[in-house]
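Here's the structure, in structure tokens; my notes come after.
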Amino acid sequence: MNDEHVARAALARIAEPGDTAMGAAVRVHGPQEVLRVLHGDGPLPPEFRRRDPGGYRVRLGGAAAAEDLAAVARLGGEFVIPGDRGWPTQLDDLGDARPLGLWTRGAARLRHAALRSVAVVGSRAGTDYGTYAAYELARELAEARWCVASGGAYGIDAAAHKGALAAGGLTIAVLACGIDVAYPRGHERLFARIAEVGTLVSELPPGSSPSRIRFVERNRVIAALTPGTLVIEAAVRSGALITAHRADALGRVVMGVPGPITSPQSAGVHQLLREEETYVVTSAAEVLEHLGRIGEDLAPRKAGPARPWDRLPPDLLRVLEAVSPFRPLPPPAIARAAGIAPGAITTYLEALRELGLATPQDTLPGPTRLWLRATPPDANTPARTGALPNGPESEAM
């Protein structure tokens, strides 16, 4: 731990998350110099020209940086700053709104976990539909060895964390309070479990309490940390939509799961899908198609069950439909019903017999033989295309 860590830890007590004036001053002058100036009584650097210096200086004399660093060490965590090996460099895309540093606690290294991660966010008042979707999608993403990041709140966030944990995967909880503060209180055990296998992370020092603005600014970290954000249930005004808009502004992939058109919890997602460059997804495979490397993570195309007659040429299909499954018919009657030349109908019927779709009902040859539609073979059995007729009319098929 060097002087820069100490200075940034001290500034994290003084500035609120997302303070671009502080970020600009640190970028230009360095954290040690900014801290030295704040401890004096002179004017602040020009980057603070729109700030009242008293707003920063009033917080001087609180908990010391050394105490915060010792507290996180006792938790088994660490304070990572830009330039450290463990710093997630994608956060640099936030520019002057980049966190001064991140307090982390958990078994997984934050930078490694965030490389293949998906933010799953949504309403705190999630419906049964939404929480089920979040749990299942997160579980499937974890099974595909992708880390699930969320905000640790009730509703969709909690379901996403639990789904990832159920699959034995990694999950990141980005908090709007200190990593030693269980908020909401009902998630104390959940956070303990996340720390055992994943990572708790916050830009606020140990012991810090949450606030509305801190929740809002926390969303920018979730958006920047992950390559893509998936929104599952969000009202028209919600923190989840803030995360999605931040992700879009950063050039990240934004996805949404559609919900019932009558559900207020899905109204914000539907608005996002209508008005923004947002992808509709309904499965983890579709999420990974947008996030994975091109050509390696394509989602399988959804289709109904295959049927033996799905790939029949049009003329042969008409003949099949003309063959009754209940009453044996002679070839002339079948030809008339199918609109096929009488001289070619036997060829078509023999082709259907080879495919297992029609069967003769007697041994009489030619036009006197009666035909009945057969019970289709197993739908998974591919049709033998070699049995198709090769007569003059087969080219049209």
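Residue numbering restarts at 1 for every chain of the structure tokens, chains are lettered A, B, ... in their displayed order, and ligands are numbered from 1 as they appear.
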
Original post:
Could you pull the residues within 8 Å of region 274-283 of chain A, counting only C-alpha atoms, minus those fewer than 5 positions along the same chain, as a list in words?
Top reply: Leu137, Asp248, Val253, Val254, Met255, Gly256, Val257 and Pro258 of chain A

Subject >> Per-residue DSSP, region 62-150 of chain A, filtered to strand (DSSP E or B), as a PyMOL selection string >> reply: chain A and resi 78-80+102-105+117-122+147-150

Export of the given selection (N, CA and C atoms) as an mmCIF file, in the first residue's frame:
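Saved result, selection_5.cif, follows:
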data_model
loop_
_atom_site.group_PDB
_atom_site.id
_atom_site.type_symbol
_atom_site.label_atom_id
_atom_site.label_comp_id
_atom_site.auth_asym_id
_atom_site.auth_seq_id
_atom_site.Cartn_x
_atom_site.Cartn_y
_atom_site.Cartn_z
ATOM 1 N N GLU A 78 -9.590 -5.607 0.001
ATOM 2 C CA GLU A 78 -8.515 -4.714 -0.411
ATOM 3 C C GLU A 78 -9.105 -3.466 -1.054
ATOM 4 N N PHE A 79 -8.260 -2.467 -1.182
ATOM 5 C CA PHE A 79 -8.631 -1.218 -1.839
ATOM 6 C C PHE A 79 -7.808 -1.141 -3.114
ATOM 7 N N VAL A 80 -8.472 -1.261 -4.266
ATOM 8 C CA VAL A 80 -7.762 -1.227 -5.549
ATOM 9 C C VAL A 80 -7.991 0.123 -6.213
ATOM 10 N N LEU A 102 -11.762 1.330 -5.508
ATOM 11 C CA LEU A 102 -12.830 0.398 -5.192
ATOM 12 C C LEU A 102 -12.440 -0.454 -3.992
ATOM 13 N N TRP A 103 -13.343 -0.542 -3.035
ATOM 14 C CA TRP A 103 -13.166 -1.417 -1.887
ATOM 15 C C TRP A 103 -13.801 -2.750 -2.246
ATOM 16 N N THR A 104 -13.032 -3.822 -2.188
ATOM 17 C CA THR A 104 -13.526 -5.124 -2.599
ATOM 18 C C THR A 104 -13.345 -6.147 -1.487
ATOM 19 N N ARG A 105 -14.220 -7.115 -1.504
ATOM 20 C CA ARG A 105 -14.169 -8.196 -0.519
ATOM 21 C C ARG A 105 -14.753 -9.442 -1.144
ATOM 22 N N SER A 117 -18.539 -10.875 -17.887
ATOM 23 C CA SER A 117 -19.634 -10.611 -16.956
ATOM 24 C C SER A 117 -20.814 -9.975 -17.667
ATOM 25 N N VAL A 118 -21.982 -10.156 -17.086
ATOM 26 C CA VAL A 118 -23.226 -9.566 -17.574
ATOM 27 C C VAL A 118 -23.922 -8.910 -16.394
ATOM 28 N N ALA A 119 -24.323 -7.665 -16.555
ATOM 29 C CA ALA A 119 -25.115 -7.000 -15.524
ATOM 30 C C ALA A 119 -26.578 -7.396 -15.715
ATOM 31 N N VAL A 120 -27.189 -7.921 -14.666
ATOM 32 C CA VAL A 120 -28.608 -8.277 -14.695
ATOM 33 C C VAL A 120 -29.306 -7.398 -13.662
ATOM 34 N N VAL A 121 -30.142 -6.485 -14.120
ATOM 35 C CA VAL A 121 -30.761 -5.506 -13.230
ATOM 36 C C VAL A 121 -32.254 -5.435 -13.498
ATOM 37 N N GLY A 122 -32.976 -4.884 -12.524
ATOM 38 C CA GLY A 122 -34.405 -4.749 -12.695
ATOM 39 C C GLY A 122 -35.083 -4.230 -11.449
ATOM 40 N N CYS A 147 -19.864 -14.437 -15.442
ATOM 41 C CA CYS A 147 -20.145 -13.870 -14.127
ATOM 42 C C CYS A 147 -21.368 -12.958 -14.222
ATOM 43 N N VAL A 148 -22.208 -12.996 -13.204
ATOM 44 C CA VAL A 148 -23.411 -12.164 -13.153
ATOM 45 C C VAL A 148 -23.186 -11.029 -12.157
ATOM 46 N N ALA A 149 -23.328 -9.794 -12.610
ATOM 47 C CA ALA A 149 -23.175 -8.626 -11.743
ATOM 48 C C ALA A 149 -24.522 -7.973 -11.523
ATOM 49 N N SER A 150 -24.762 -7.505 -10.306
ATOM 50 C CA SER A 150 -26.002 -6.795 -10.007
ATOM 51 C C SER A 150 -25.777 -5.924 -8.778
#

Subject >> Pick from A:Val34, A:Ala166, A:Ala182, A:Ile172 nearest to Phe48 (chain A), counting only C-alpha atoms >> reply: A:Val34

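Between Pro325 (chain A) and the residues A:Ile156, A:Leu190, A:Leu357, A:Ala142, the shortest atom-to-atom distance, using only C-alpha atoms, involves A:Leu357.
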
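Using only C-alpha atoms, the protein and nucleic acid residues lying no more than 9 Å from region 26-30 of chain A, apart from those fewer than 4 places from it along its own chain, are Glu4, Arg8, Ala21, Met22, Val34, Leu35, Pro45, Glu47, Asp96 and Leu100 of chain A.
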
Write the residues of the selection above to a file with N, CA, C and O atoms, as a CSV table (one decimal), in the first residue's frame.
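Generated file (again_25.csv):
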chain,number,residue,atom,x,y,z
A,4,GLU,N,-0.2,6.8,-2.7
A,4,GLU,CA,-1.4,7.1,-3.6
A,4,GLU,C,-2.6,6.4,-3.1
A,4,GLU,O,-3.7,7.0,-3.1
A,8,ARG,N,-6.0,8.4,-2.1
A,8,ARG,CA,-7.3,8.2,-2.7
A,8,ARG,C,-8.3,7.7,-1.7
A,8,ARG,O,-9.5,8.0,-1.8
A,21,ALA,N,-15.7,16.9,-10.7
A,21,ALA,CA,-14.7,17.9,-10.4
A,21,ALA,C,-13.5,17.3,-9.6
A,21,ALA,O,-12.4,17.6,-9.9
A,22,MET,N,-13.8,16.5,-8.7
A,22,MET,CA,-12.8,15.8,-8.0
A,22,MET,C,-12.0,14.9,-8.9
A,22,MET,O,-10.7,14.8,-8.9
A,34,VAL,N,-4.0,17.1,-4.4
A,34,VAL,CA,-5.4,17.6,-4.1
A,34,VAL,C,-5.7,17.5,-2.6
A,34,VAL,O,-6.2,18.4,-2.0
A,35,LEU,N,-5.2,16.4,-2.0
A,35,LEU,CA,-5.5,16.2,-0.6
A,35,LEU,C,-4.7,17.3,0.2
A,35,LEU,O,-5.2,17.9,1.2
A,45,PRO,N,-7.8,24.1,-6.8
A,45,PRO,CA,-7.4,24.1,-8.2
A,45,PRO,C,-8.6,24.5,-9.1
A,45,PRO,O,-9.8,24.4,-8.6
A,47,GLU,N,-10.1,23.2,-11.4
A,47,GLU,CA,-11.1,22.2,-11.7
A,47,GLU,C,-12.3,22.2,-10.7
A,47,GLU,O,-13.4,21.7,-11.0
A,96,ASP,N,-13.7,11.4,-16.0
A,96,ASP,CA,-13.5,12.0,-14.7
A,96,ASP,C,-14.5,11.5,-13.7
A,96,ASP,O,-14.4,11.8,-12.5
A,100,LEU,N,-12.6,6.9,-7.5
A,100,LEU,CA,-11.2,7.1,-7.0
A,100,LEU,C,-10.5,5.8,-6.6
A,100,LEU,O,-9.3,5.7,-6.7

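Using only C-alpha atoms, the shortest contact distance between Leu225 (chain A) and any of A:Glu143, A:Glu16, A:Glu196, A:Asp93 is found at A:Asp93.
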
Can you check which parts of region 156-213 of chain A lie within 12 Å of region 235-241 of chain A? Per residue, the shortest pair of atoms and distance in Å to one decimal, counting only C-alpha atoms, sorted by chain and number, as JSON lines.
{"residue": "A:Ile156", "atom": "CA", "partner": "A:Ala240", "partner_atom": "CA", "distance": 9.8}
{"residue": "A:Asp157", "atom": "CA", "partner": "A:Ala240", "partner_atom": "CA", "distance": 9.8}
{"residue": "A:Arg212", "atom": "CA", "partner": "A:Gly239", "partner_atom": "CA", "distance": 10.0}
{"residue": "A:Ile213", "atom": "CA", "partner": "A:Gly239", "partner_atom": "CA", "distance": 10.6}

Selection from above, N, CA, C and O atoms, as a CSV table (one decimal), in the first residue's frame, can you write it?
chain,number,residue,atom,x,y,z
A,156,ILE,N,-35.3,-8.3,-8.6
A,156,ILE,CA,-34.5,-8.9,-9.7
A,156,ILE,C,-33.1,-9.0,-9.3
A,156,ILE,O,-32.5,-10.1,-9.7
A,157,ASP,N,-32.5,-8.1,-8.7
A,157,ASP,CA,-31.1,-8.2,-8.3
A,157,ASP,C,-30.8,-9.4,-7.5
A,157,ASP,O,-29.9,-10.2,-7.8
A,212,ARG,N,-30.0,7.9,-1.7
A,212,ARG,CA,-30.6,7.9,-3.0
A,212,ARG,C,-29.6,8.2,-4.1
A,212,ARG,O,-29.5,7.5,-5.1
A,213,ILE,N,-28.8,9.3,-3.9
A,213,ILE,CA,-27.8,9.6,-5.0
A,213,ILE,C,-26.7,8.6,-5.1
A,213,ILE,O,-26.2,8.4,-6.2

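Remark: for Ala10 (chain A), the closest of the candidate residues A:Asp84, A:Pro205, A:Gly163, A:Ala114 is A:Pro205 (distances computed over only C-alpha atoms).
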